[in-house]
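So the structure is just underneath, and the comments pick up after that.
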Amino acid sequence: MSNKDEPASSDTEPDVAGVTVSEGKELRQCVCQKRDNGDHHVLNLILNQSEGFPFMVGSSESTITHLHPPGVRIFQLWQVYINNVNPLLKITHIPTLQPKIVDASVDSAQASRPLEALMFCIYLVAVKSMTDDEVTTTLGEPKALSVARFNEACQHGLLNAGLIKSNNIMVLQAFVLYLLSEGREVDTRTLSCWIGIAVRMAIHLRLHRDGYRLGLSPFETEQRRRLWWQLVALDKRIAFSPQLLTELHSRLH
């Protein structure tokens with residue numbers, strides 16, 4: 001039973017979070033005004049796409065072949081990735097991967113599930129490293145639309161490749177690229193959970209073990225080492241302060 005002598009709540013009384021009702025109204029109004037600027041609808045689309053990823057219960061394998069750009073555009077984005085992204089990350093071996101990209105650009109339907117996931121993640125991170133004018137010139141559409149389209153394709157591509165239970169290093173490469181590309185758009189708690197999945201995937205692949213001791217070739221040992229330490233660095237940045245991720249993310253823009 002409510003107490004009639006209890007004073008009515010005031011707009012100036014702080015709630016459990018230490019924010020008054022009036023301050024909360026002003027904060028919500030400010031946030032709404034900021035969302036009205038620019039491509040807020042595209043950002044909301046990206047956030048909505050990420051709600052169930054990577055645990056989209058009941059989802060079946062999705063056909064995303066039609067989301068690939070034309071062959072010429074694929075190679076253009078690949079070149080952008082080589083010039084803008086690869087020098088910063090070095091988690092893919094360009095001479096080995098390029099023939100596969102070229103073959104897939106001719107007939108993307110024949111690409112394996114891991115390669116297709118990696119290709120879409122390459123498209124996404126490449127587009128994010130470009131200016132609006134460069135994207136419009138290259139793809140013939142606004143950057144925001146390309147980002148939203150490739151973001152959705154990345155998620156479906158990773159799920160098609162069996163992200164959660166995959167033992168394929170190419171799938172992990174794709175996932176790490178996706179994590180790096182999503183630094184600003186995804187809630188930091190969600191991003192932290194995703195990185196946890198990636199770390200566990202890497203451990204199952206024994207990337208934390210020296211490849212030399214596992215009897216692997218020097219080339220494979222180096223590739224595994226680069227991917228592992230890139231993931232460790234990313235996990236460390238998030239663990240200390242989620243905002244630090246924007247440093248690397250801003251360099252890709």
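In the structure tokens, each chain is lettered A, B, ... as it comes, each chain's residues begin at 1, and ligands are numbered from 1 in order of appearance.
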
Taking only C-alpha atoms into account, produce a table as JSON lines in which each residue of range 143-195 of chain A with an atom at most 12 Å from an atom of range 113-116 of chain A appears once, together with its shortest atom pair and the distance in Å to one decimal, ordered by chain and rising number.
{"residue": "A:Phe150", "atom": "CA", "partner": "A:Glu116", "partner_atom": "CA", "distance": 11.8}
{"residue": "A:Ala153", "atom": "CA", "partner": "A:Glu116", "partner_atom": "CA", "distance": 9.6}
{"residue": "A:Cys154", "atom": "CA", "partner": "A:Glu116", "partner_atom": "CA", "distance": 8.8}
{"residue": "A:Gln155", "atom": "CA", "partner": "A:Glu116", "partner_atom": "CA", "distance": 11.2}
{"residue": "A:His156", "atom": "CA", "partner": "A:Glu116", "partner_atom": "CA", "distance": 10.1}
{"residue": "A:Gly157", "atom": "CA", "partner": "A:Glu116", "partner_atom": "CA", "distance": 6.4}
{"residue": "A:Leu158", "atom": "CA", "partner": "A:Pro114", "partner_atom": "CA", "distance": 7.5}
{"residue": "A:Leu159", "atom": "CA", "partner": "A:Arg113", "partner_atom": "CA", "distance": 9.2}
{"residue": "A:Asn160", "atom": "CA", "partner": "A:Arg113", "partner_atom": "CA", "distance": 6.4}
{"residue": "A:Ala161", "atom": "CA", "partner": "A:Arg113", "partner_atom": "CA", "distance": 4.9}
{"residue": "A:Gly162", "atom": "CA", "partner": "A:Arg113", "partner_atom": "CA", "distance": 8.6}
{"residue": "A:Leu163", "atom": "CA", "partner": "A:Pro114", "partner_atom": "CA", "distance": 9.1}
{"residue": "A:Ser166", "atom": "CA", "partner": "A:Pro114", "partner_atom": "CA", "distance": 9.3}
{"residue": "A:Asn167", "atom": "CA", "partner": "A:Pro114", "partner_atom": "CA", "distance": 10.4}
{"residue": "A:Asn168", "atom": "CA", "partner": "A:Pro114", "partner_atom": "CA", "distance": 7.4}
{"residue": "A:Ile169", "atom": "CA", "partner": "A:Pro114", "partner_atom": "CA", "distance": 8.7}
{"residue": "A:Met170", "atom": "CA", "partner": "A:Pro114", "partner_atom": "CA", "distance": 5.9}
{"residue": "A:Val171", "atom": "CA", "partner": "A:Pro114", "partner_atom": "CA", "distance": 5.2}
{"residue": "A:Leu172", "atom": "CA", "partner": "A:Pro114", "partner_atom": "CA", "distance": 8.9}
{"residue": "A:Gln173", "atom": "CA", "partner": "A:Pro114", "partner_atom": "CA", "distance": 9.4}
{"residue": "A:Ala174", "atom": "CA", "partner": "A:Pro114", "partner_atom": "CA", "distance": 8.0}
{"residue": "A:Phe175", "atom": "CA", "partner": "A:Pro114", "partner_atom": "CA", "distance": 10.2}

Could you dump the residues just selected with N, CA and C atoms as a PDB file, in the first residue's frame?
ATOM      1  N   PHE A 150      27.602  -4.221 -46.943  1.00  0.00           N
ATOM      2  CA  PHE A 150      28.705  -5.147 -46.690  1.00  0.00           C
ATOM      3  C   PHE A 150      28.729  -5.610 -45.238  1.00  0.00           C
ATOM      4  N   ALA A 153      26.368  -8.449 -45.170  1.00  0.00           N
ATOM      5  CA  ALA A 153      26.951  -9.574 -45.891  1.00  0.00           C
ATOM      6  C   ALA A 153      28.062 -10.239 -45.078  1.00  0.00           C
ATOM      7  N   CYS A 154      28.851  -9.443 -44.347  1.00  0.00           N
ATOM      8  CA  CYS A 154      29.913  -9.997 -43.504  1.00  0.00           C
ATOM      9  C   CYS A 154      29.331 -10.929 -42.448  1.00  0.00           C
ATOM     10  N   GLN A 155      28.272 -10.484 -41.799  1.00  0.00           N
ATOM     11  CA  GLN A 155      27.671 -11.298 -40.756  1.00  0.00           C
ATOM     12  C   GLN A 155      27.141 -12.614 -41.314  1.00  0.00           C
ATOM     13  N   HIS A 156      26.420 -12.528 -42.418  1.00  0.00           N
ATOM     14  CA  HIS A 156      25.880 -13.758 -43.023  1.00  0.00           C
ATOM     15  C   HIS A 156      27.014 -14.643 -43.547  1.00  0.00           C
ATOM     16  N   GLY A 157      28.045 -14.020 -44.108  1.00  0.00           N
ATOM     17  CA  GLY A 157      29.169 -14.796 -44.604  1.00  0.00           C
ATOM     18  C   GLY A 157      29.882 -15.546 -43.492  1.00  0.00           C
ATOM     19  N   LEU A 158      30.080 -14.880 -42.356  1.00  0.00           N
ATOM     20  CA  LEU A 158      30.730 -15.533 -41.217  1.00  0.00           C
ATOM     21  C   LEU A 158      29.870 -16.663 -40.661  1.00  0.00           C
ATOM     22  N   LEU A 159      28.560 -16.444 -40.607  1.00  0.00           N
ATOM     23  CA  LEU A 159      27.666 -17.494 -40.123  1.00  0.00           C
ATOM     24  C   LEU A 159      27.628 -18.662 -41.099  1.00  0.00           C
ATOM     25  N   ASN A 160      27.610 -18.368 -42.395  1.00  0.00           N
ATOM     26  CA  ASN A 160      27.635 -19.433 -43.401  1.00  0.00           C
ATOM     27  C   ASN A 160      28.901 -20.278 -43.283  1.00  0.00           C
ATOM     28  N   ALA A 161      29.990 -19.629 -42.876  1.00  0.00           N
ATOM     29  CA  ALA A 161      31.271 -20.336 -42.737  1.00  0.00           C
ATOM     30  C   ALA A 161      31.380 -21.071 -41.399  1.00  0.00           C
ATOM     31  N   GLY A 162      30.322 -21.036 -40.602  1.00  0.00           N
ATOM     32  CA  GLY A 162      30.323 -21.747 -39.322  1.00  0.00           C
ATOM     33  C   GLY A 162      31.206 -21.088 -38.294  1.00  0.00           C
ATOM     34  N   LEU A 163      31.054 -19.782 -38.117  1.00  0.00           N
ATOM     35  CA  LEU A 163      31.939 -18.992 -37.273  1.00  0.00           C
ATOM     36  C   LEU A 163      32.177 -19.610 -35.896  1.00  0.00           C
ATOM     37  N   SER A 166      34.065 -23.035 -36.141  1.00  0.00           N
ATOM     38  CA  SER A 166      35.011 -23.189 -37.231  1.00  0.00           C
ATOM     39  C   SER A 166      36.432 -23.396 -36.723  1.00  0.00           C
ATOM     40  N   ASN A 167      37.176 -24.261 -37.420  1.00  0.00           N
ATOM     41  CA  ASN A 167      38.595 -24.460 -37.165  1.00  0.00           C
ATOM     42  C   ASN A 167      39.420 -23.989 -38.356  1.00  0.00           C
ATOM     43  N   ASN A 168      38.840 -23.081 -39.130  1.00  0.00           N
ATOM     44  CA  ASN A 168      39.499 -22.574 -40.331  1.00  0.00           C
ATOM     45  C   ASN A 168      40.130 -21.221 -40.023  1.00  0.00           C
ATOM     46  N   ILE A 169      41.426 -21.092 -40.247  1.00  0.00           N
ATOM     47  CA  ILE A 169      42.118 -19.849 -39.909  1.00  0.00           C
ATOM     48  C   ILE A 169      41.638 -18.686 -40.780  1.00  0.00           C
ATOM     49  N   MET A 170      41.153 -18.975 -41.981  1.00  0.00           N
ATOM     50  CA  MET A 170      40.649 -17.916 -42.852  1.00  0.00           C
ATOM     51  C   MET A 170      39.382 -17.290 -42.270  1.00  0.00           C
ATOM     52  N   VAL A 171      38.555 -18.101 -41.622  1.00  0.00           N
ATOM     53  CA  VAL A 171      37.355 -17.586 -40.965  1.00  0.00           C
ATOM     54  C   VAL A 171      37.749 -16.659 -39.817  1.00  0.00           C
ATOM     55  N   LEU A 172      38.773 -17.034 -39.074  1.00  0.00           N
ATOM     56  CA  LEU A 172      39.238 -16.181 -37.979  1.00  0.00           C
ATOM     57  C   LEU A 172      39.832 -14.886 -38.520  1.00  0.00           C
ATOM     58  N   GLN A 173      40.559 -14.951 -39.619  1.00  0.00           N
ATOM     59  CA  GLN A 173      41.079 -13.734 -40.253  1.00  0.00           C
ATOM     60  C   GLN A 173      39.929 -12.799 -40.626  1.00  0.00           C
ATOM     61  N   ALA A 174      38.887 -13.372 -41.200  1.00  0.00           N
ATOM     62  CA  ALA A 174      37.727 -12.566 -41.580  1.00  0.00           C
ATOM     63  C   ALA A 174      37.079 -11.936 -40.359  1.00  0.00           C
ATOM     64  N   PHE A 175      36.946 -12.711 -39.290  1.00  0.00           N
ATOM     65  CA  PHE A 175      36.293 -12.218 -38.081  1.00  0.00           C
ATOM     66  C   PHE A 175      37.107 -11.090 -37.445  1.00  0.00           C
TER      67      PHE A 175
END

Taking a cut-off of 8 Å and counting only C-alpha atoms, can you build a table that, for each residue of range 91-125 of chain A near range 217-226 of chain A, reports the nearest atom pair and how far apart they are in Å (one decimal), sorted by chain then residue number, as CSV?
residue,atom,partner,partner_atom,distance
A:Ile91,CA,A:Arg226,CA,5.8
A:Thr92,CA,A:Gln223,CA,7.4
A:His93,CA,A:Gln223,CA,7.5

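Of the residues under consideration (A:Ile195, A:Val232, A:Leu89, A:Ile74), A:Ile74 shows the shortest atom-to-atom contact distance to Asp103 in chain A when counting only C-alpha atoms.
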
CA of Asn83 in chain A sits from CA of Leu179 in chain A at a separation of 19.6 Å

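Closest approach to Gln230 in chain A from the set A:Ala104, A:Met130, A:Leu214, A:Leu88 is made by A:Leu88, with distances taken over only C-alpha atoms.
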
Nearest to Leu234 in chain A, restricted to only C-alpha atoms and choosing among A:Ala109, A:Leu67, A:Val127, A:Ala198, comes out as A:Ala198

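For the residues A:Arg200, A:His68, A:Arg213, A:Lys90, ranking by smallest atom-to-atom distance to Arg149 in chain A using only C-alpha atoms places A:His68 first.
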
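Checking A:Gln76, A:Thr136, A:Thr131, A:Ser62 one by one against Ala117 in chain A, counting only C-alpha atoms, you find the shortest gap at A:Ser62.
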
Original post:
So which residues of range 198-247 of chain A fall under alpha helix (DSSP H) by DSSP, listed as a PyMOL selection string?
Top reply: chain A and resi 198-204+218-240+245-247

Based on the selection just made, write N, CA, C and O atoms of those residues as a compact mmCIF listing (two decimals), in the first residue's frame.
# COMPACT_ATOMS: atom_id res chain seq x y z
N ALA A 198 36.58 -14.60 -30.55
CA ALA A 198 37.72 -14.68 -31.45
C ALA A 198 38.95 -15.25 -30.75
O ALA A 198 39.69 -16.07 -31.31
N VAL A 199 39.17 -14.84 -29.50
CA VAL A 199 40.32 -15.36 -28.74
C VAL A 199 40.17 -16.86 -28.51
O VAL A 199 41.14 -17.62 -28.66
N ARG A 200 38.96 -17.29 -28.17
CA ARG A 200 38.75 -18.73 -27.96
C ARG A 200 38.93 -19.51 -29.25
O ARG A 200 39.46 -20.63 -29.25
N MET A 201 38.49 -18.94 -30.36
CA MET A 201 38.71 -19.59 -31.66
C MET A 201 40.21 -19.75 -31.91
O MET A 201 40.68 -20.79 -32.38
N ALA A 202 40.96 -18.68 -31.62
CA ALA A 202 42.40 -18.72 -31.84
C ALA A 202 43.07 -19.77 -30.96
O ALA A 202 43.99 -20.47 -31.39
N ILE A 203 42.61 -19.90 -29.73
CA ILE A 203 43.18 -20.90 -28.82
C ILE A 203 42.88 -22.31 -29.31
O ILE A 203 43.73 -23.20 -29.26
N HIS A 204 41.65 -22.52 -29.80
CA HIS A 204 41.31 -23.84 -30.35
C HIS A 204 42.17 -24.16 -31.57
O HIS A 204 42.50 -25.33 -31.82
N PRO A 218 57.97 -22.36 -41.60
CA PRO A 218 58.22 -20.97 -41.18
C PRO A 218 57.15 -20.00 -41.68
O PRO A 218 56.76 -19.08 -40.97
N PHE A 219 56.66 -20.22 -42.91
CA PHE A 219 55.63 -19.34 -43.46
C PHE A 219 54.35 -19.43 -42.63
O PHE A 219 53.78 -18.40 -42.22
N GLU A 220 53.87 -20.63 -42.38
CA GLU A 220 52.63 -20.80 -41.62
C GLU A 220 52.81 -20.32 -40.18
O GLU A 220 51.89 -19.73 -39.60
N THR A 221 53.99 -20.57 -39.63
CA THR A 221 54.27 -20.11 -38.27
C THR A 221 54.16 -18.59 -38.17
O THR A 221 53.56 -18.05 -37.23
N GLU A 222 54.71 -17.88 -39.14
CA GLU A 222 54.68 -16.42 -39.13
C GLU A 222 53.27 -15.90 -39.32
O GLU A 222 52.87 -14.93 -38.64
N GLN A 223 52.49 -16.52 -40.21
CA GLN A 223 51.11 -16.08 -40.43
C GLN A 223 50.26 -16.25 -39.19
O GLN A 223 49.48 -15.37 -38.83
N ARG A 224 50.41 -17.36 -38.52
CA ARG A 224 49.68 -17.62 -37.28
C ARG A 224 50.10 -16.64 -36.19
O ARG A 224 49.28 -16.14 -35.44
N ARG A 225 51.39 -16.36 -36.13
CA ARG A 225 51.91 -15.45 -35.11
C ARG A 225 51.35 -14.04 -35.31
O ARG A 225 50.95 -13.39 -34.34
N ARG A 226 51.32 -13.57 -36.54
CA ARG A 226 50.81 -12.23 -36.81
C ARG A 226 49.34 -12.11 -36.44
O ARG A 226 48.92 -11.12 -35.84
N LEU A 227 48.55 -13.11 -36.78
CA LEU A 227 47.12 -13.07 -36.47
C LEU A 227 46.90 -13.11 -34.96
O LEU A 227 46.07 -12.36 -34.42
N TRP A 228 47.64 -13.96 -34.26
CA TRP A 228 47.48 -14.08 -32.82
C TRP A 228 47.80 -12.77 -32.11
O TRP A 228 47.01 -12.30 -31.28
N TRP A 229 48.92 -12.15 -32.44
CA TRP A 229 49.32 -10.95 -31.73
C TRP A 229 48.46 -9.74 -32.11
O TRP A 229 48.30 -8.83 -31.31
N GLN A 230 47.91 -9.74 -33.31
CA GLN A 230 46.96 -8.69 -33.66
C GLN A 230 45.70 -8.81 -32.80
O GLN A 230 45.15 -7.82 -32.32
N LEU A 231 45.27 -10.04 -32.59
CA LEU A 231 44.09 -10.29 -31.76
C LEU A 231 44.38 -9.97 -30.29
O LEU A 231 43.54 -9.39 -29.59
N VAL A 232 45.55 -10.33 -29.82
CA VAL A 232 45.93 -10.03 -28.43
C VAL A 232 45.96 -8.52 -28.21
O VAL A 232 45.48 -8.02 -27.19
N ALA A 233 46.53 -7.80 -29.16
CA ALA A 233 46.60 -6.34 -29.04
C ALA A 233 45.20 -5.73 -29.01
O ALA A 233 44.93 -4.80 -28.23
N LEU A 234 44.31 -6.25 -29.86
CA LEU A 234 42.94 -5.75 -29.89
C LEU A 234 42.22 -6.04 -28.58
O LEU A 234 41.53 -5.17 -28.03
N ASP A 235 42.40 -7.25 -28.06
CA ASP A 235 41.78 -7.62 -26.80
C ASP A 235 42.31 -6.76 -25.65
O ASP A 235 41.55 -6.33 -24.76
N LYS A 236 43.59 -6.46 -25.68
CA LYS A 236 44.19 -5.64 -24.62
C LYS A 236 43.65 -4.22 -24.67
O LYS A 236 43.38 -3.61 -23.63
N ARG A 237 43.48 -3.68 -25.87
CA ARG A 237 42.94 -2.32 -26.00
C ARG A 237 41.55 -2.24 -25.40
O ARG A 237 41.21 -1.30 -24.68
N ILE A 238 40.72 -3.23 -25.69
CA ILE A 238 39.35 -3.23 -25.17
C ILE A 238 39.36 -3.43 -23.66
O ILE A 238 38.58 -2.81 -22.93
N ALA A 239 40.24 -4.29 -23.16
CA ALA A 239 40.28 -4.58 -21.72
C ALA A 239 40.65 -3.35 -20.91
O ALA A 239 40.07 -3.11 -19.84
N PHE A 240 41.59 -2.56 -21.38
CA PHE A 240 42.01 -1.38 -20.64
C PHE A 240 41.03 -0.24 -20.79
O PHE A 240 40.64 0.41 -19.84
N LEU A 245 40.23 1.77 -28.85
CA LEU A 245 40.07 1.14 -30.15
C LEU A 245 39.87 2.15 -31.26
O LEU A 245 40.22 1.90 -32.41
N THR A 246 39.33 3.30 -30.92
CA THR A 246 39.09 4.31 -31.95
C THR A 246 40.39 4.82 -32.56
O THR A 246 40.38 5.35 -33.67
N GLU A 247 41.51 4.67 -31.86
CA GLU A 247 42.78 5.11 -32.39
C GLU A 247 43.11 4.33 -33.66
O GLU A 247 43.43 4.90 -34.70

- Task: Would you list the contacts of Val80 in chain A as a PyMOL selection string, taking every protein, DNA or RNA residue within 12 Å and counting only C-alpha atoms, but skipping same-chain residues closer than 4 positions in sequence?
- Result: chain A and resi 73-76+84-87+122-131+134-135+138+252-253

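Nearest-residue note for Pro70 in chain A: choosing from A:Gln98, A:Ser105, A:Ser146, A:Leu177, the minimum distance belongs to A:Ser105, counting only C-alpha atoms.
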
Pairwise distance, CA of Met119 in chain A with CA of Lys143 in chain A, equals 17.7 Å

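CA of Leu205 in chain A to CA of Ala111 in chain A spans 22.6 Å [interatomic distance, one decimal].
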